[in-house]
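J.: File model-v8.pdb follows (PDB, C-alpha atoms, pLDDT in the B column):
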```
ATOM      1  CA  MET A   1       8.817 -18.324  23.252  1.00 54.00           C
ATOM      2  CA  GLN A   2       8.893 -17.237  19.610  1.00 67.00           C
ATOM      3  CA  PRO A   3      10.303 -13.781  18.852  1.00 71.00           C
ATOM      4  CA  ILE A   4       7.630 -11.349  17.684  1.00 79.00           C
ATOM      5  CA  ASN A   5       8.086  -9.156  14.611  1.00 89.00           C
ATOM      6  CA  ILE A   6       5.537  -6.513  15.460  1.00 91.00           C
ATOM      7  CA  HIS A   7       6.105  -4.586  12.225  1.00 92.00           C
ATOM      8  CA  SER A   8       5.224  -7.651  10.149  1.00 92.00           C
ATOM      9  CA  GLU A   9       2.238  -8.428  12.345  1.00 94.00           C
ATOM     10  CA  VAL A  10       0.885  -4.877  12.011  1.00 94.00           C
ATOM     11  CA  ARG A  11       1.476  -4.783   8.231  1.00 92.00           C
ATOM     12  CA  LYS A  12      -0.325  -8.105   7.782  1.00 93.00           C
ATOM     13  CA  LEU A  13      -3.239  -7.025   9.963  1.00 95.00           C
ATOM     14  CA  ILE A  14      -3.699  -3.764   8.053  1.00 93.00           C
ATOM     15  CA  THR A  15      -3.303  -5.478   4.684  1.00 92.00           C
ATOM     16  CA  ASP A  16      -5.877  -8.127   5.625  1.00 93.00           C
ATOM     17  CA  TYR A  17      -8.466  -5.492   6.564  1.00 93.00           C
ATOM     18  CA  VAL A  18      -7.799  -3.406   3.454  1.00 91.00           C
ATOM     19  CA  ASP A  19      -8.033  -6.510   1.274  1.00 91.00           C
ATOM     20  CA  ARG A  20     -11.394  -7.337   2.879  1.00 93.00           C
ATOM     21  CA  GLY A  21     -12.563  -3.796   2.182  1.00 92.00           C
ATOM     22  CA  GLU A  22     -12.903  -2.809   5.831  1.00 93.00           C
ATOM     23  CA  VAL A  23     -12.422   0.780   6.999  1.00 92.00           C
ATOM     24  CA  GLN A  24     -10.600   1.029  10.338  1.00 92.00           C
ATOM     25  CA  ASP A  25      -8.752   3.628  12.379  1.00 91.00           C
ATOM     26  CA  VAL A  26      -5.470   3.552  14.267  1.00 92.00           C
ATOM     27  CA  GLN A  27      -7.089   2.705  17.603  1.00 93.00           C
ATOM     28  CA  PHE A  28      -8.825  -0.350  16.150  1.00 95.00           C
ATOM     29  CA  TYR A  29      -5.521  -1.773  14.927  1.00 95.00           C
ATOM     30  CA  VAL A  30      -3.784  -0.977  18.231  1.00 95.00           C
ATOM     31  CA  ASN A  31      -6.551  -2.675  20.213  1.00 96.00           C
ATOM     32  CA  THR A  32      -6.479  -5.723  17.936  1.00 96.00           C
ATOM     33  CA  ILE A  33      -2.722  -6.182  18.332  1.00 95.00           C
ATOM     34  CA  MET A  34      -2.915  -5.605  22.087  1.00 94.00           C
ATOM     35  CA  ALA A  35      -5.679  -8.220  22.377  1.00 95.00           C
ATOM     36  CA  ARG A  36      -3.399 -10.776  20.709  1.00 93.00           C
ATOM     37  CA  HIS A  37      -0.667 -10.295  23.314  1.00 90.00           C
ATOM     38  CA  THR A  38      -2.221 -10.314  26.777  1.00 87.00           C
ATOM     39  CA  ALA A  39       0.218 -12.517  28.686  1.00 87.00           C
ATOM     40  CA  ILE A  40       1.854  -9.686  30.600  1.00 86.00           C
ATOM     41  CA  GLU A  41       2.246 -10.472  34.267  1.00 86.00           C
ATOM     42  CA  GLY A  42       3.945  -9.134  37.367  1.00 88.00           C
ATOM     43  CA  ALA A  43       4.139  -6.076  39.528  1.00 90.00           C
ATOM     44  CA  ASP A  44       4.921  -3.793  36.577  1.00 91.00           C
ATOM     45  CA  THR A  45       2.108  -5.008  34.326  1.00 90.00           C
ATOM     46  CA  ASP A  46       0.512  -1.547  34.044  1.00 91.00           C
ATOM     47  CA  PHE A  47       3.838  -0.010  33.057  1.00 93.00           C
ATOM     48  CA  TYR A  48       4.445  -2.594  30.328  1.00 90.00           C
ATOM     49  CA  VAL A  49       0.906  -2.352  28.979  1.00 90.00           C
ATOM     50  CA  ILE A  50       1.127   1.451  28.771  1.00 92.00           C
ATOM     51  CA  CYS A  51       4.531   1.356  27.068  1.00 93.00           C
ATOM     52  CA  THR A  52       3.495  -1.429  24.718  1.00 92.00           C
ATOM     53  CA  ARG A  53       0.270   0.343  23.720  1.00 93.00           C
ATOM     54  CA  GLN A  54       2.255   3.492  22.880  1.00 93.00           C
ATOM     55  CA  ARG A  55       4.802   1.549  20.816  1.00 94.00           C
ATOM     56  CA  ILE A  56       2.099  -0.358  18.951  1.00 94.00           C
ATOM     57  CA  LYS A  57       0.363   2.944  18.183  1.00 94.00           C
ATOM     58  CA  GLU A  58       3.628   4.287  16.739  1.00 94.00           C
ATOM     59  CA  VAL A  59       4.058   1.213  14.521  1.00 94.00           C
ATOM     60  CA  VAL A  60       0.419   1.296  13.350  1.00 94.00           C
ATOM     61  CA  THR A  61       0.594   5.035  12.640  1.00 90.00           C
ATOM     62  CA  ALA A  62       3.825   4.636  10.668  1.00 89.00           C
ATOM     63  CA  THR A  63       2.363   1.743   8.683  1.00 90.00           C
ATOM     64  CA  ILE A  64      -0.832   3.617   7.861  1.00 87.00           C
ATOM     65  CA  SER A  65       1.147   6.732   6.951  1.00 83.00           C
ATOM     66  CA  ARG A  66       2.502   4.853   3.943  1.00 82.00           C
ATOM     67  CA  PHE A  67      -0.934   5.530   2.446  1.00 79.00           C
ATOM     68  CA  ASN A  68      -0.659   9.317   2.963  1.00 74.00           C
ATOM     69  CA  PRO A  69       0.198  11.640   0.081  1.00 70.00           C
ATOM     70  CA  LYS A  70       3.898  11.858  -0.613  1.00 63.00           C
ATOM     71  CA  LYS A  71       6.157  13.231  -3.265  1.00 58.00           C
ATOM     72  CA  GLN A  72       8.196  10.053  -3.663  1.00 56.00           C
ATOM     73  CA  PRO A  73       6.964   7.150  -5.789  1.00 58.00           C
ATOM     74  CA  VAL A  74       4.383   4.954  -4.091  1.00 57.00           C
ATOM     75  CA  GLU A  75       5.521   1.524  -2.866  1.00 64.00           C
ATOM     76  CA  GLN A  76       4.471  -1.017  -5.507  1.00 67.00           C
ATOM     77  CA  GLN A  77       2.635  -3.208  -2.993  1.00 67.00           C
ATOM     78  CA  LEU A  78       0.291  -0.272  -2.303  1.00 82.00           C
ATOM     79  CA  VAL A  79      -0.552   0.315  -5.981  1.00 86.00           C
ATOM     80  CA  LEU A  80      -3.737  -1.058  -7.501  1.00 88.00           C
ATOM     81  CA  ASP A  81      -3.085  -3.621 -10.229  1.00 89.00           C
ATOM     82  CA  GLY A  82      -3.099  -2.021 -13.666  1.00 90.00           C
ATOM     83  CA  PHE A  83      -2.102   1.414 -12.361  1.00 90.00           C
ATOM     84  CA  GLU A  84       1.182   3.167 -11.770  1.00 87.00           C
ATOM     85  CA  TYR A  85       0.172   5.361  -8.819  1.00 87.00           C
ATOM     86  CA  LEU A  86      -3.428   4.655  -7.761  1.00 92.00           C
ATOM     87  CA  GLN A  87      -3.270   3.109  -4.303  1.00 91.00           C
ATOM     88  CA  VAL A  88      -5.356   0.265  -2.878  1.00 91.00           C
ATOM     89  CA  ALA A  89      -6.326   2.491   0.069  1.00 92.00           C
ATOM     90  CA  TYR A  90      -6.026   6.091   1.234  1.00 92.00           C
ATOM     91  CA  THR A  91      -6.185   7.826   4.593  1.00 90.00           C
ATOM     92  CA  PHE A  92      -9.015  10.283   5.229  1.00 93.00           C
ATOM     93  CA  GLU A  93     -10.372  12.101   8.245  1.00 91.00           C
ATOM     94  CA  ARG A  94     -13.776  10.671   9.114  1.00 94.00           C
ATOM     95  CA  GLY A  95     -15.557  11.576  12.313  1.00 94.00           C
ATOM     96  CA  GLY A  96     -12.437  13.242  13.693  1.00 92.00           C
ATOM     97  CA  LYS A  97     -10.338  10.098  13.209  1.00 90.00           C
ATOM     98  CA  THR A  98      -7.763   9.214  10.588  1.00 88.00           C
ATOM     99  CA  MET A  99      -9.214   6.207   8.806  1.00 91.00           C
ATOM    100  CA  LEU A 100      -7.526   3.911   6.302  1.00 92.00           C
ATOM    101  CA  VAL A 101     -10.139   3.495   3.578  1.00 94.00           C
ATOM    102  CA  PRO A 102      -9.961   0.869   0.805  1.00 94.00           C
ATOM    103  CA  LEU A 103     -10.157   2.544  -2.607  1.00 95.00           C
ATOM    104  CA  ASP A 104     -13.588   1.211  -3.536  1.00 95.00           C
ATOM    105  CA  GLN A 105     -15.022   2.708  -0.332  1.00 95.00           C
ATOM    106  CA  CYS A 106     -13.541   6.181  -0.800  1.00 96.00           C
ATOM    107  CA  THR A 107     -16.185   8.726  -1.731  1.00 97.00           C
ATOM    108  CA  ASP A 108     -15.937  10.737  -4.943  1.00 97.00           C
ATOM    109  CA  ILE A 109     -15.484  13.862  -2.805  1.00 97.00           C
ATOM    110  CA  GLU A 110     -12.599  12.288  -0.851  1.00 96.00           C
ATOM    111  CA  LEU A 111     -10.839  11.122  -4.011  1.00 97.00           C
ATOM    112  CA  ALA A 112     -11.337  14.471  -5.756  1.00 97.00           C
ATOM    113  CA  ALA A 113      -9.885  16.222  -2.703  1.00 95.00           C
ATOM    114  CA  ARG A 114      -6.877  13.877  -2.727  1.00 94.00           C
ATOM    115  CA  ALA A 115      -6.349  14.570  -6.441  1.00 95.00           C
ATOM    116  CA  ARG A 116      -6.381  18.339  -5.673  1.00 94.00           C
ATOM    117  CA  GLU A 117      -3.856  17.707  -2.897  1.00 92.00           C
ATOM    118  CA  TYR A 118      -1.507  16.068  -5.399  1.00 92.00           C
ATOM    119  CA  ASP A 119      -2.090  18.918  -7.880  1.00 94.00           C
ATOM    120  CA  ASP A 120      -1.194  21.415  -5.141  1.00 93.00           C
ATOM    121  CA  MET A 121       1.939  19.427  -4.303  1.00 91.00           C
ATOM    122  CA  ALA A 122       2.923  19.436  -7.984  1.00 93.00           C
ATOM    123  CA  ASN A 123       2.341  23.199  -8.228  1.00 93.00           C
ATOM    124  CA  GLY A 124       4.500  23.745  -5.157  1.00 92.00           C
ATOM    125  CA  CYS A 125       7.288  21.600  -6.606  1.00 91.00           C
ATOM    126  CA  ARG A 126       7.165  23.517  -9.915  1.00 93.00           C
ATOM    127  CA  ALA A 127       7.276  26.854  -8.060  1.00 95.00           C
ATOM    128  CA  HIS A 128      10.213  25.614  -5.973  1.00 93.00           C
ATOM    129  CA  ALA A 129      12.083  24.538  -9.126  1.00 94.00           C
ATOM    130  CA  ARG A 130      11.357  27.936 -10.733  1.00 95.00           C
ATOM    131  CA  GLU A 131      12.811  29.758  -7.687  1.00 96.00           C
ATOM    132  CA  ILE A 132      15.950  27.617  -7.785  1.00 95.00           C
ATOM    133  CA  ARG A 133      16.436  28.508 -11.461  1.00 96.00           C
ATOM    134  CA  GLU A 134      15.846  32.206 -10.730  1.00 94.00           C
ATOM    135  CA  TYR A 135      18.418  32.041  -7.942  1.00 94.00           C
ATOM    136  CA  LEU A 136      20.919  30.289 -10.212  1.00 95.00           C
ATOM    137  CA  ASN A 137      20.327  32.914 -12.906  1.00 92.00           C
ATOM    138  CA  THR A 138      20.766  35.766 -10.429  1.00 92.00           C
ATOM    139  CA  ARG A 139      23.856  34.174  -8.900  1.00 90.00           C
ATOM    140  CA  SER A 140      25.500  33.551 -12.271  1.00 84.00           C
ATOM    141  CA  GLN A 141      24.772  37.130 -13.391  1.00 85.00           C
ATOM    142  CA  GLY A 142      26.316  38.460 -10.187  1.00 74.00           C
ATOM    143  CA  ALA A 143      29.479  36.436 -10.797  1.00 67.00           C
ATOM    144  CA  ALA A 144      29.936  37.906 -14.278  1.00 56.00           C
TER     145      ALA A 144
END
```
Kindly present the structure from the file in structure tokens form.

T.:
Amino acid sequence: MQPINIHSEVRKLITDYVDRGEVQDVQFYVNTIMARHTAIEGADTDFYVICTRQRIKEVVTATISRFNPKKQPVEQQLVLDGFEYLQVAYTFERGGKTMLVPLDQCTDIELAARAREYDDMANGCRAHAREIREYLNTRSQGAA
């Protein structure tokens, strides 16, 4: 039996669907991976299926979360060619589910909201930096 690298398998599956322009949610990816690995047998089959499904969901969720807004630089493999930050896909809530949506299928409203989210993050970072400087100024004045 060949060892399975589930992280690689999940990344490839998600990348393939994004590259094809297909919008999918976490459960779809979990079900797809589970359907590929059905040879679980024995008295504890239910236990192993339940545990495996949970672990696959964790791996899928972590992989998709790479597309969520973050303060750190975006991984280069997620960036659209010709851009420094614009990603090939973004996560959005659709129908109560977190969906990974290829860029060309994101609505203008979704993308504008994401841009505002990044603006808000930037404002928060600037305010945080300002408070640190105020604290440093106050602390240095108190030491004098």

J.: Fewer than 4 positions away in the same chain doesn't count, so skip those; otherwise give me all residues within 12 Å of segment 94-108 of chain A, counting all atoms listed in the file, as a PyMOL selection string.

T.: chain A and resi 14-29+60-61+63-68+78-80+86-90+112-115

J.: Neighbouring residues of Val59 of chain A were defined as those with any atom within 8 Å, considering only C-alpha atoms; residues of the same chain fewer than 3 positions away were excluded. Please report them as a list in words.

T.: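 The neighbour list is Ile6, His7, Val10, Arg55, Ile56, Ala62 and Thr63 of chain A.
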
J.: Please compute the atom CA of Pro69 of chain A-atom CA of Glu110 of chain A distance, one decimal, in Å.

T.: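 These atoms are spaced 12.8 Å apart.
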
J.: Around all the atoms of segment 111-123 of chain A listed in the file, with 6 Å of room on each side, what axis-aligned box do you get, giving centre and edge lengths in Å to one decimal, as AutoDock Vina command-line options?

T.:
```
--center_x -4.2 --center_y 17.2 --center_z -5.5 --size_x 26.3 --size_y 24.1 --size_z 17.5
```

J.: Apply the PyMOL selection byres ((chain A and resi 50-52) around 12) to the structure shown and report the selected residues as an MDAnalysis selection string.

T.: chainID A and resid 6 30:31 33:35 37:38 40 44:49 53:59

J.: Take atom CA of Ala127 of chain A and atom CA of Ile109 of chain A and report the distance between them in Å, one decimal.

T.: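 Taking atom CA of Ala127 of chain A and atom CA of Ile109 of chain A, their separation equals 26.7 Å.
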
J.: For the atom pair atom CA of Arg116 of chain A and atom CA of Phe92 of chain A, what is the interatomic distance in Å to one decimal place?

T.: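 These atoms are spaced 13.8 Å apart.
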